[in-house]
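Chemist: Take this structure, written in structure tokens, and hold onto it; I'll ask about it next.
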Amino acid sequence: MATEAQGAGDGGLVFHPMDQFMVKPLFGAGEVGFFTLTNVTLWMALTVAAIFALLVLGTAGRATIPSRTQSIAELAYDFVRKMVEDVAGKDGLVFFPYIMTLFLFILFANVLGLLPMAFTTTSHIAVTAVLAMMVFLTVTIVGFVRHGAGFLSLFWVSSAPLPLRPVLALIEVISYFVRPVSHSIRLAGNMMAGHAVVKVFAAFAPMIIISTGIGLLVTPLSILAIATIYALELLVAFIQAYVFTILTCVYLKDALHPHH
Amino acid sequence: MEGDIVQMGAYIGAGLACMGMGGAAVGVGNVAGNFLAGALRNPSAAGGQTATLFIGIAFAEALGIFSFLVALLLMFAV
């Protein structure tokens, strides 16, 4: 996205805060093609491996009194299942495996991206847009399969006064098609912005080497800021995974029960 | 000093797009503040509404994210 270390020559930041989002090949320095192994591939694979370790290896014991890993796996399962049931209703539980997959993938990608030197796969709109488009297509197809043309009543707000309904229908149609955009950019934007802020403060951290007087305060303050923002980012990593999945449930509810 | 006036305009526009953050901040604060006010009046009903709280925050925040998108488009796509 950003060109590498723009400011290095003219006394700016030593590294550009957006450098961390560059897609690089794992081996060599060639062009990134369709099947090149890049850092995105690596961290996606690690995400899947971590989920596999938690859900498959963690629950392999099938103990009646669960071990710590098994409790976490069961906690995650119950959490998502309850969310789907509460928001999308009982008939939404058919889609529970899909939503569980989405939640765990986004949560693990976000949290693994917080490791130092890690690459946050969900900070790329290319990744989140695919996730959001899948949700959008699933929801639209489910809506039309379940209700046929009756799904269009989602846009016809029958509780509103009649003269207002065409206007509302237009707004509803627009907001329906903006859904995948906002759905994907919310996740990518939050991840990208948070990580860029950490990097901006990280660039101020070594100031103690060149500064004197009051400038000496910059380093401890920026390290404090990094620690605080990092804690906030951990919270954001979870909340964004939660928001993505709960919005999926809301959209699913619209598809299953389109009548206002 | 390089670049041209188009690039300057793009950068100024990207900066101006940051004002959208203020709108998102007002929206998110409004949602959270009203939730807290309601939750303190009736704490027993608050637990069931946290999902609604997050949905509301997400919708309010989405429009702030759109301004971020505009800034990104101006920086890298124009």
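Each chain of the structure tokens is named A, B, ... in the order shown, its residues numbered from 1; ligands are numbered from 1 in display order.
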Wanna dump the stretch 35-84 of chain A-stretch 244-247 of chain A contacts at 12 Å for me, each residue with its shortest atom pair and the distance in Å to one decimal, counting only C-alpha atoms, ordered by chain and number, as CSV?
Modeler:
residue,atom,partner,partner_atom,distance
A:Phe79,CA,A:Ile246,CA,11.3
A:Val80,CA,A:Thr245,CA,8.5
A:Arg81,CA,A:Thr245,CA,11.1
A:Lys82,CA,A:Ile246,CA,10.9
A:Met83,CA,A:Ile246,CA,7.1
A:Val84,CA,A:Ile246,CA,7.7
Chemist: Taking only C-alpha atoms into account, which residues of chain A are within 9 Å of chain B, as a PyMOL selection string?
Modeler: chain A and resi 1-2+83+87+182-183+185-186+189-190+239-240+242-244+246-247+250
Chemist: Could you tell me how far atom CA of A:Val198 lies from atom CA of A:Ile226, in Å and to one decimal?
Modeler: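 According to the coordinates, atom CA of A:Val198 and atom CA of A:Ile226 are separated by 5.7 Å.
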Chemist: If we count only C-alpha atoms and set the cut-off at 7 Å, which residues sit around stretch 124-140 of chain A, ignoring sequence neighbours fewer than 6 positions away in its own chain? Please answer as a PyMOL selection string.
Modeler: chain A and resi 180+183-185+187-188+248+251-252+255
